[in-house]
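> Dropping in run.json, with JSON, N, CA and C atoms.
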[["chain", "number", "residue", "atom", "x", "y", "z"],
["A", 88, "MET", "N", 171.53, 45.97, 49.78],
["A", 88, "MET", "CA", 170.34, 45.85, 50.64],
["A", 88, "MET", "C", 170.72, 46.05, 52.09],
["A", 89, "ALA", "N", 171.91, 45.64, 52.47],
["A", 89, "ALA", "CA", 172.30, 45.71, 53.88],
["A", 89, "ALA", "C", 172.34, 47.14, 54.38],
["A", 90, "THR", "N", 172.87, 48.06, 53.57],
["A", 90, "THR", "CA", 172.93, 49.46, 54.01],
["A", 90, "THR", "C", 171.53, 50.05, 54.09],
["A", 91, "ASP", "N", 170.67, 49.67, 53.15],
["A", 91, "ASP", "CA", 169.27, 50.15, 53.21],
["A", 91, "ASP", "C", 168.58, 49.61, 54.45],
["A", 92, "LEU", "N", 168.83, 48.36, 54.76],
["A", 92, "LEU", "CA", 168.21, 47.74, 55.93],
["A", 92, "LEU", "C", 168.72, 48.39, 57.22],
["A", 93, "ILE", "N", 169.99, 48.66, 57.28],
["A", 93, "ILE", "CA", 170.54, 49.32, 58.47],
["A", 93, "ILE", "C", 169.94, 50.72, 58.60],
["A", 94, "HIS", "N", 169.79, 51.41, 57.48],
["A", 94, "HIS", "CA", 169.18, 52.74, 57.50],
["A", 94, "HIS", "C", 167.73, 52.67, 58.00],
["A", 95, "LEU", "N", 166.98, 51.68, 57.50],
["A", 95, "LEU", "CA", 165.59, 51.50, 57.96],
["A", 95, "LEU", "C", 165.54, 51.23, 59.46],
["A", 96, "CYS", "N", 166.44, 50.41, 59.92],
["A", 96, "CYS", "CA", 166.48, 50.10, 61.36],
["A", 96, "CYS", "C", 166.77, 51.35, 62.18],
["A", 97, "LYS", "N", 167.69, 52.20, 61.69],
["A", 97, "LYS", "CA", 167.98, 53.45, 62.40],
["A", 97, "LYS", "C", 166.75, 54.35, 62.42],
["A", 98, "LEU", "N", 166.05, 54.44, 61.29],
["A", 98, "LEU", "CA", 164.83, 55.26, 61.24],
["A", 98, "LEU", "C", 163.78, 54.76, 62.21],
["A", 99, "ALA", "N", 163.71, 53.44, 62.37],
["A", 99, "ALA", "CA", 162.75, 52.84, 63.28],
["A", 99, "ALA", "C", 163.27, 52.76, 64.71],
["A", 100, "LYS", "N", 164.47, 53.33, 64.92],
["A", 100, "LYS", "CA", 165.11, 53.32, 66.24],
["A", 100, "LYS", "C", 165.29, 51.90, 66.76],
["A", 101, "LEU", "N", 165.70, 51.01, 65.85],
["A", 101, "LEU", "CA", 166.00, 49.63, 66.20],
["A", 101, "LEU", "C", 167.50, 49.40, 66.06],
["A", 102, "SER", "N", 168.02, 48.51, 66.85],
["A", 102, "SER", "CA", 169.44, 48.18, 66.73],
["A", 102, "SER", "C", 169.61, 46.67, 66.82],
["A", 103, "PRO", "N", 169.23, 45.98, 65.74],
["A", 103, "PRO", "CA", 169.34, 44.51, 65.76],
["A", 103, "PRO", "C", 170.80, 44.06, 65.61],
["A", 104, "ASP", "N", 171.06, 42.87, 66.11],
["A", 104, "ASP", "CA", 172.40, 42.31, 65.96],
["A", 104, "ASP", "C", 172.56, 41.74, 64.54],
["A", 105, "GLU", "N", 173.74, 41.27, 64.22],
["A", 105, "GLU", "CA", 174.03, 40.76, 62.87],
["A", 105, "GLU", "C", 173.12, 39.59, 62.47],
["A", 106, "LYS", "N", 172.86, 38.70, 63.42],
["A", 106, "LYS", "CA", 172.02, 37.53, 63.13],
["A", 106, "LYS", "C", 170.60, 37.97, 62.77],
["A", 107, "THR", "N", 170.07, 38.93, 63.52],
["A", 107, "THR", "CA", 168.72, 39.43, 63.25],
["A", 107, "THR", "C", 168.68, 40.20, 61.94],
["A", 108, "LEU", "N", 169.73, 40.98, 61.65],
["A", 108, "LEU", "CA", 169.80, 41.69, 60.36],
["A", 108, "LEU", "C", 169.77, 40.71, 59.19],
["A", 109, "GLU", "N", 170.49, 39.63, 59.34],
["A", 109, "GLU", "CA", 170.52, 38.60, 58.28],
["A", 109, "GLU", "C", 169.13, 37.99, 58.10],
["A", 110, "LYS", "N", 168.47, 37.70, 59.20],
["A", 110, "LYS", "CA", 167.13, 37.11, 59.14],
["A", 110, "LYS", "C", 166.15, 38.08, 58.48],
["A", 111, "ILE", "N", 166.18, 39.35, 58.88],
["A", 111, "ILE", "CA", 165.28, 40.35, 58.30],
["A", 111, "ILE", "C", 165.57, 40.52, 56.81],
["A", 112, "SER", "N", 166.83, 40.54, 56.46],
["A", 112, "SER", "CA", 167.22, 40.68, 55.05],
["A", 112, "SER", "C", 166.67, 39.53, 54.22],
["A", 113, "ASN", "N", 166.78, 38.30, 54.74],
["A", 113, "ASN", "CA", 166.23, 37.14, 54.03],
["A", 113, "ASN", "C", 164.72, 37.23, 53.91],
["A", 114, "GLN", "N", 164.04, 37.71, 54.96],
["A", 114, "GLN", "CA", 162.59, 37.84, 54.90],
["A", 114, "GLN", "C", 162.18, 38.89, 53.86],
["A", 115, "PHE", "N", 162.91, 40.01, 53.81],
["A", 115, "PHE", "CA", 162.61, 41.03, 52.79],
["A", 115, "PHE", "C", 162.80, 40.47, 51.39],
["A", 116, "THR", "N", 163.86, 39.69, 51.21],
["A", 116, "THR", "CA", 164.11, 39.08, 49.90],
["A", 116, "THR", "C", 162.97, 38.14, 49.52],
["A", 117, "ASP", "N", 162.50, 37.34, 50.48],
["A", 117, "ASP", "CA", 161.37, 36.44, 50.22],
["A", 117, "ASP", "C", 160.11, 37.22, 49.85],
["A", 118, "ILE", "N", 159.86, 38.31, 50.54],
["A", 118, "ILE", "CA", 158.67, 39.14, 50.26],
["A", 118, "ILE", "C", 158.76, 39.72, 48.85],
["A", 119, "ILE", "N", 159.90, 40.26, 48.50],
["A", 119, "ILE", "CA", 160.07, 40.86, 47.16],
["A", 119, "ILE", "C", 159.93, 39.79, 46.08],
["A", 120, "ASN", "N", 160.49, 38.62, 46.30],
["A", 120, "ASN", "CA", 160.34, 37.53, 45.33],
["A", 120, "ASN", "C", 158.89, 37.11, 45.18],
["A", 121, "TYR", "N", 158.14, 37.09, 46.28],
["A", 121, "TYR", "CA", 156.73, 36.72, 46.22],
["A", 121, "TYR", "C", 155.94, 37.77, 45.45],
["A", 122, "ILE", "N", 156.26, 39.05, 45.66],
["A", 122, "ILE", "CA", 155.58, 40.11, 44.91],
["A", 122, "ILE", "C", 155.88, 39.97, 43.43],
["A", 123, "ASP", "N", 157.12, 39.63, 43.08],
["A", 123, "ASP", "CA", 157.46, 39.39, 41.68],
["A", 123, "ASP", "C", 156.64, 38.25, 41.10],
["A", 124, "THR", "N", 156.43, 37.19, 41.88],
["A", 124, "THR", "CA", 155.61, 36.07, 41.44],
["A", 124, "THR", "C", 154.18, 36.51, 41.20],
["A", 125, "LEU", "N", 153.64, 37.32, 42.10],
["A", 125, "LEU", "CA", 152.27, 37.82, 41.94],
["A", 125, "LEU", "C", 152.12, 38.70, 40.71],
["A", 126, "SER", "N", 153.15, 39.47, 40.39],
["A", 126, "SER", "CA", 153.06, 40.37, 39.24],
["A", 126, "SER", "C", 152.99, 39.59, 37.92],
["A", 127, "GLU", "N", 153.37, 38.32, 37.93],
["A", 127, "GLU", "CA", 153.31, 37.48, 36.73],
["A", 127, "GLU", "C", 151.91, 36.92, 36.48],
["A", 128, "ALA", "N", 151.01, 37.04, 37.45],
["A", 128, "ALA", "CA", 149.67, 36.49, 37.30],
["A", 128, "ALA", "C", 148.89, 37.28, 36.24],
["A", 129, "ASP", "N", 148.13, 36.55, 35.42],
["A", 129, "ASP", "CA", 147.32, 37.19, 34.38],
["A", 129, "ASP", "C", 146.03, 37.72, 35.00],
["A", 130, "THR", "N", 145.90, 39.03, 35.05],
["A", 130, "THR", "CA", 144.71, 39.66, 35.63],
["A", 130, "THR", "C", 143.97, 40.49, 34.59],
["A", 131, "GLU", "N", 144.16, 40.15, 33.34],
["A", 131, "GLU", "CA", 143.57, 40.93, 32.24],
["A", 131, "GLU", "C", 142.05, 41.03, 32.34],
["A", 132, "ASN", "N", 141.38, 39.93, 32.60],
["A", 132, "ASN", "CA", 139.91, 39.93, 32.61],
["A", 132, "ASN", "C", 139.34, 39.83, 34.03],
["A", 133, "VAL", "N", 140.09, 40.31, 34.99],
["A", 133, "VAL", "CA", 139.67, 40.25, 36.39],
["A", 133, "VAL", "C", 139.27, 41.65, 36.83],
["A", 134, "ALA", "N", 138.05, 41.77, 37.35],
["A", 134, "ALA", "CA", 137.58, 43.07, 37.82],
["A", 134, "ALA", "C", 138.33, 43.47, 39.09],
["A", 135, "PRO", "N", 138.59, 44.77, 39.25],
["A", 135, "PRO", "CA", 139.25, 45.22, 40.48],
["A", 135, "PRO", "C", 138.42, 44.86, 41.71],
["A", 136, "LEU", "N", 139.10, 44.55, 42.79],
["A", 136, "LEU", "CA", 138.43, 44.11, 44.00],
["A", 136, "LEU", "C", 139.13, 44.72, 45.20],
["A", 137, "TYR", "N", 138.38, 45.40, 46.06],
["A", 137, "TYR", "CA", 139.01, 45.97, 47.24],
["A", 137, "TYR", "C", 138.91, 45.05, 48.44],
["A", 138, "SER", "N", 138.03, 44.06, 48.36],
["A", 138, "SER", "CA", 137.90, 43.11, 49.46],
["A", 138, "SER", "C", 137.29, 41.82, 48.92],
["A", 139, "PRO", "N", 137.74, 40.68, 49.40],
["A", 139, "PRO", "CA", 137.14, 39.43, 48.94],
["A", 139, "PRO", "C", 135.78, 39.17, 49.58],
["A", 140, "VAL", "N", 135.38, 40.00, 50.52],
["A", 140, "VAL", "CA", 134.10, 39.85, 51.20],
["A", 140, "VAL", "C", 133.13, 40.89, 50.67],
["A", 141, "PHE", "N", 131.90, 40.49, 50.37],
["A", 141, "PHE", "CA", 130.91, 41.44, 49.88],
["A", 141, "PHE", "C", 130.41, 42.30, 51.02],
["A", 142, "HIS", "N", 130.44, 43.60, 50.81],
["A", 142, "HIS", "CA", 129.97, 44.54, 51.81],
["A", 142, "HIS", "C", 128.80, 45.32, 51.23],
["A", 143, "GLU", "N", 127.69, 45.32, 51.95],
["A", 143, "GLU", "CA", 126.57, 46.14, 51.51],
["A", 143, "GLU", "C", 126.83, 47.58, 51.91],
["A", 144, "SER", "N", 126.40, 48.48, 51.08],
["A", 144, "SER", "CA", 126.60, 49.89, 51.35],
["A", 144, "SER", "C", 125.71, 50.32, 52.51],
["A", 145, "ALA", "N", 126.30, 51.05, 53.43],
["A", 145, "ALA", "CA", 125.54, 51.57, 54.56],
["A", 145, "ALA", "C", 124.85, 52.87, 54.20],
["A", 146, "VAL", "N", 125.06, 53.34, 52.98],
["A", 146, "VAL", "CA", 124.48, 54.60, 52.55],
["A", 146, "VAL", "C", 123.00, 54.38, 52.23],
["A", 147, "ARG", "N", 122.19, 55.30, 52.68],
["A", 147, "ARG", "CA", 120.76, 55.25, 52.39],
["A", 147, "ARG", "C", 120.37, 56.54, 51.71],
["A", 148, "GLU", "N", 119.17, 56.57, 51.17],
["A", 148, "GLU", "CA", 118.69, 57.80, 50.55],
["A", 148, "GLU", "C", 118.59, 58.88, 51.61],
["A", 149, "ASP", "N", 118.92, 60.10, 51.21],
["A", 149, "ASP", "CA", 118.87, 61.22, 52.13],
["A", 149, "ASP", "C", 117.50, 61.87, 52.02],
["A", 150, "ILE", "N", 116.59, 61.37, 52.82],
["A", 150, "ILE", "CA", 115.21, 61.86, 52.79],
["A", 150, "ILE", "C", 114.90, 62.44, 54.17],
["A", 151, "ALA", "N", 114.43, 63.69, 54.17],
["A", 151, "ALA", "CA", 114.07, 64.33, 55.43],
["A", 151, "ALA", "C", 112.78, 63.68, 55.96],
["A", 152, "VAL", "N", 112.84, 63.26, 57.20],
["A", 152, "VAL", "CA", 111.68, 62.64, 57.83],
["A", 152, "VAL", "C", 111.46, 63.31, 59.18],
["A", 153, "ARG", "N", 110.27, 63.79, 59.40],
["A", 153, "ARG", "CA", 109.95, 64.39, 60.70],
["A", 153, "ARG", "C", 109.44, 63.26, 61.59],
["A", 154, "ARG", "N", 110.21, 62.92, 62.59],
["A", 154, "ARG", "CA", 109.87, 61.81, 63.47],
["A", 154, "ARG", "C", 109.08, 62.29, 64.68],
["A", 155, "GLN", "N", 109.31, 63.53, 65.10],
["A", 155, "GLN", "CA", 108.57, 64.07, 66.23],
["A", 155, "GLN", "C", 108.06, 65.46, 65.87],
["A", 156, "THR", "N", 106.93, 65.79, 66.40],
["A", 156, "THR", "CA", 106.37, 67.12, 66.18],
["A", 156, "THR", "C", 107.02, 68.09, 67.16],
["A", 157, "PRO", "N", 107.00, 69.39, 66.86],
["A", 157, "PRO", "CA", 107.54, 70.37, 67.80],
["A", 157, "PRO", "C", 106.89, 70.26, 69.18],
["A", 158, "ASP", "N", 105.60, 69.99, 69.23],
["A", 158, "ASP", "CA", 104.92, 69.84, 70.52],
["A", 158, "ASP", "C", 105.50, 68.68, 71.33],
["A", 159, "GLN", "N", 105.78, 67.57, 70.66],
["A", 159, "GLN", "CA", 106.37, 66.42, 71.35],
["A", 159, "GLN", "C", 107.76, 66.76, 71.90],
["A", 160, "ILE", "N", 108.52, 67.53, 71.16],
["A", 160, "ILE", "CA", 109.86, 67.91, 71.61],
["A", 160, "ILE", "C", 109.77, 68.90, 72.75],
["A", 161, "LEU", "N", 108.91, 69.90, 72.64],
["A", 161, "LEU", "CA", 108.81, 70.95, 73.65],
["A", 161, "LEU", "C", 108.21, 70.47, 74.96],
["A", 162, "LYS", "N", 107.44, 69.38, 74.93],
["A", 162, "LYS", "CA", 106.80, 68.92, 76.17],
["A", 162, "LYS", "C", 107.81, 68.47, 77.22],
["A", 163, "ASN", "N", 109.04, 68.13, 76.81],
["A", 163, "ASN", "CA", 110.08, 67.71, 77.75],
["A", 163, "ASN", "C", 110.90, 68.88, 78.30],
["A", 164, "ALA", "N", 110.71, 70.07, 77.74],
["A", 164, "ALA", "CA", 111.51, 71.22, 78.17],
["A", 164, "ALA", "C", 110.98, 71.78, 79.48],
["A", 165, "PRO", "N", 111.87, 72.29, 80.33],
["A", 165, "PRO", "CA", 111.41, 72.87, 81.59],
["A", 165, "PRO", "C", 110.59, 74.15, 81.37],
["A", 166, "ASP", "N", 110.92, 74.92, 80.31],
["A", 166, "ASP", "CA", 110.19, 76.16, 80.06],
["A", 166, "ASP", "C", 110.20, 76.46, 78.57],
["A", 167, "THR", "N", 109.05, 76.79, 78.00],
["A", 167, "THR", "CA", 108.94, 77.15, 76.58],
["A", 167, "THR", "C", 107.96, 78.30, 76.45],
["A", 168, "ASP", "N", 107.95, 78.90, 75.25],
["A", 168, "ASP", "CA", 106.93, 79.90, 74.95],
["A", 168, "ASP", "C", 105.93, 79.33, 73.95],
["A", 169, "GLY", "N", 105.96, 78.02, 73.77],
["A", 169, "GLY", "CA", 105.06, 77.35, 72.84],
["A", 169, "GLY", "C", 105.73, 77.05, 71.50],
["A", 170, "THR", "N", 106.80, 77.80, 71.19],
["A", 170, "THR", "CA", 107.54, 77.60, 69.94],
["A", 170, "THR", "C", 109.02, 77.33, 70.18],
["A", 171, "TYR", "N", 109.59, 78.01, 71.20],
["A", 171, "TYR", "CA", 111.01, 77.93, 71.48],
["A", 171, "TYR", "C", 111.26, 77.51, 72.92],
["A", 172, "PHE", "N", 112.47, 77.00, 73.18],
["A", 172, "PHE", "CA", 112.90, 76.73, 74.55],
["A", 172, "PHE", "C", 113.20, 78.06, 75.23],
["A", 173, "ILE", "N", 112.86, 78.19, 76.48],
["A", 173, "ILE", "CA", 113.24, 79.35, 77.26],
["A", 173, "ILE", "C", 114.39, 78.91, 78.17],
["A", 174, "VAL", "N", 115.53, 79.60, 78.04],
["A", 174, "VAL", "CA", 116.72, 79.25, 78.81],
["A", 174, "VAL", "C", 117.16, 80.47, 79.60],
["A", 175, "PRO", "N", 117.83, 80.27, 80.70],
["A", 175, "PRO", "CA", 118.28, 81.41, 81.49],
["A", 175, "PRO", "C", 119.37, 82.19, 80.74],
["A", 176, "ARG", "N", 119.37, 83.52, 80.94],
["A", 176, "ARG", "CA", 120.37, 84.37, 80.31],
["A", 176, "ARG", "C", 121.70, 84.10, 81.02],
["A", 177, "ILE", "N", 122.75, 83.90, 80.25],
["A", 177, "ILE", "CA", 124.06, 83.62, 80.79],
["A", 177, "ILE", "C", 124.96, 84.85, 80.72],
["A", 178, "VAL", "N", 124.90, 85.57, 79.61],
["A", 178, "VAL", "CA", 125.72, 86.76, 79.43],
["A", 178, "VAL", "C", 124.83, 87.98, 79.54],
["A", 179, "GLU", "N", 125.21, 88.89, 80.41],
["A", 179, "GLU", "CA", 124.45, 90.13, 80.57],
["A", 179, "GLU", "C", 124.86, 91.12, 79.50],
["A", 180, "GLY", "N", 123.89, 91.76, 78.88],
["A", 180, "GLY", "CA", 124.19, 92.78, 77.86],
["A", 180, "GLY", "C", 124.40, 94.13, 78.49],
["A", 181, "LYS", "N", 124.98, 95.07, 77.75],
["A", 181, "LYS", "CA", 125.24, 96.43, 78.27],
["A", 181, "LYS", "C", 124.02, 97.29, 78.12]]
Turn this file's structure into structure tokens for me.


Amino acid sequence: MATDLIHLCKLAKLSPDEKTLEKISNQFTDIINYIDTLSEADTENVAPLYSPVFHESAVREDIAVRRQTPDQILKNAPDTDGTYFIVPRIVEGK
């Protein structure tokens, strides 16, 4: 484990001293032992769960709704032809 830990530290651009390496090594061992303990739990009849908190879906039906009429939209434009916005020409054609 020590060589793997030293390699991880190099990848993370860390250079801990021996005391810190020992502490990190012990913490990794504790984490792995805890995961082993969790793997022993009987989850046969337990439904998969992505979160312990219930989340309502933010998805709604995709229904087209016209909220404003074209006239309501065009009334705010500086210039229209009654159907489209009139904008100044930016690129001159040949």

> One number please: atom C of Pro165 in chain A to atom C of Val178 in chain A, in Å, one decimal.

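These two atoms are separated by 19.9 Å.
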
> What's the separation between CA of Pro103 in chain A and CA of Ala89 in chain A, in Å to one decimal place?

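Here the two named atoms are 12.3 Å from each other.
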
> Counting all atoms listed in the file, which residue out of A:Val152, A:Leu92, A:Asn132, A:Asn163 sits closest to Ser112 in chain A?

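Using all atoms listed in the file, Ser112 in chain A sits closest to A:Leu92.
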
> What is the distance, in Å and to one decimal place, between CA of Tyr171 in chain A and CA of Gln159 in chain A?

12.4 Å

> Within 12 Å of range 114-125 of chain A, counting only C-alpha atoms, which residues show up once you throw out same-chain ones fewer than 5 positions away? Write them as a PDB file with N, CA and C atoms, in the frame of the given file, please.


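Final file, part.pdb:
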ATOM      1  N   MET A  88     171.530  45.970  49.780  1.00  0.00           N
ATOM      2  CA  MET A  88     170.340  45.850  50.640  1.00  0.00           C
ATOM      3  C   MET A  88     170.720  46.050  52.090  1.00  0.00           C
ATOM      4  N   ALA A  89     171.910  45.640  52.470  1.00  0.00           N
ATOM      5  CA  ALA A  89     172.300  45.710  53.880  1.00  0.00           C
ATOM      6  C   ALA A  89     172.340  47.140  54.380  1.00  0.00           C
ATOM      7  N   ASP A  91     170.670  49.670  53.150  1.00  0.00           N
ATOM      8  CA  ASP A  91     169.270  50.150  53.210  1.00  0.00           C
ATOM      9  C   ASP A  91     168.580  49.610  54.450  1.00  0.00           C
ATOM     10  N   LEU A  92     168.830  48.360  54.760  1.00  0.00           N
ATOM     11  CA  LEU A  92     168.210  47.740  55.930  1.00  0.00           C
ATOM     12  C   LEU A  92     168.720  48.390  57.220  1.00  0.00           C
ATOM     13  N   THR A 107     170.070  38.930  63.520  1.00  0.00           N
ATOM     14  CA  THR A 107     168.720  39.430  63.250  1.00  0.00           C
ATOM     15  C   THR A 107     168.680  40.200  61.940  1.00  0.00           C
ATOM     16  N   LEU A 108     169.730  40.980  61.650  1.00  0.00           N
ATOM     17  CA  LEU A 108     169.800  41.690  60.360  1.00  0.00           C
ATOM     18  C   LEU A 108     169.770  40.710  59.190  1.00  0.00           C
ATOM     19  N   GLU A 109     170.490  39.630  59.340  1.00  0.00           N
ATOM     20  CA  GLU A 109     170.520  38.600  58.280  1.00  0.00           C
ATOM     21  C   GLU A 109     169.130  37.990  58.100  1.00  0.00           C
ATOM     22  N   THR A 130     145.900  39.030  35.050  1.00  0.00           N
ATOM     23  CA  THR A 130     144.710  39.660  35.630  1.00  0.00           C
ATOM     24  C   THR A 130     143.970  40.490  34.590  1.00  0.00           C
TER      25      THR A 130
END

> For range 168-170 of chain A, please output as a PyMOL selection string all residues within 9 Å (counting only C-alpha atoms; exclusion window: fewer than 2 positions along the same chain).

chain A and resi 157-158+161+166+172-173

> Write out as a ChimeraX atom specification all residues of range 91-179 of chain A that backbone DSSP assigns to alpha helix (DSSP H).

/A:91-98,105-126,157-161
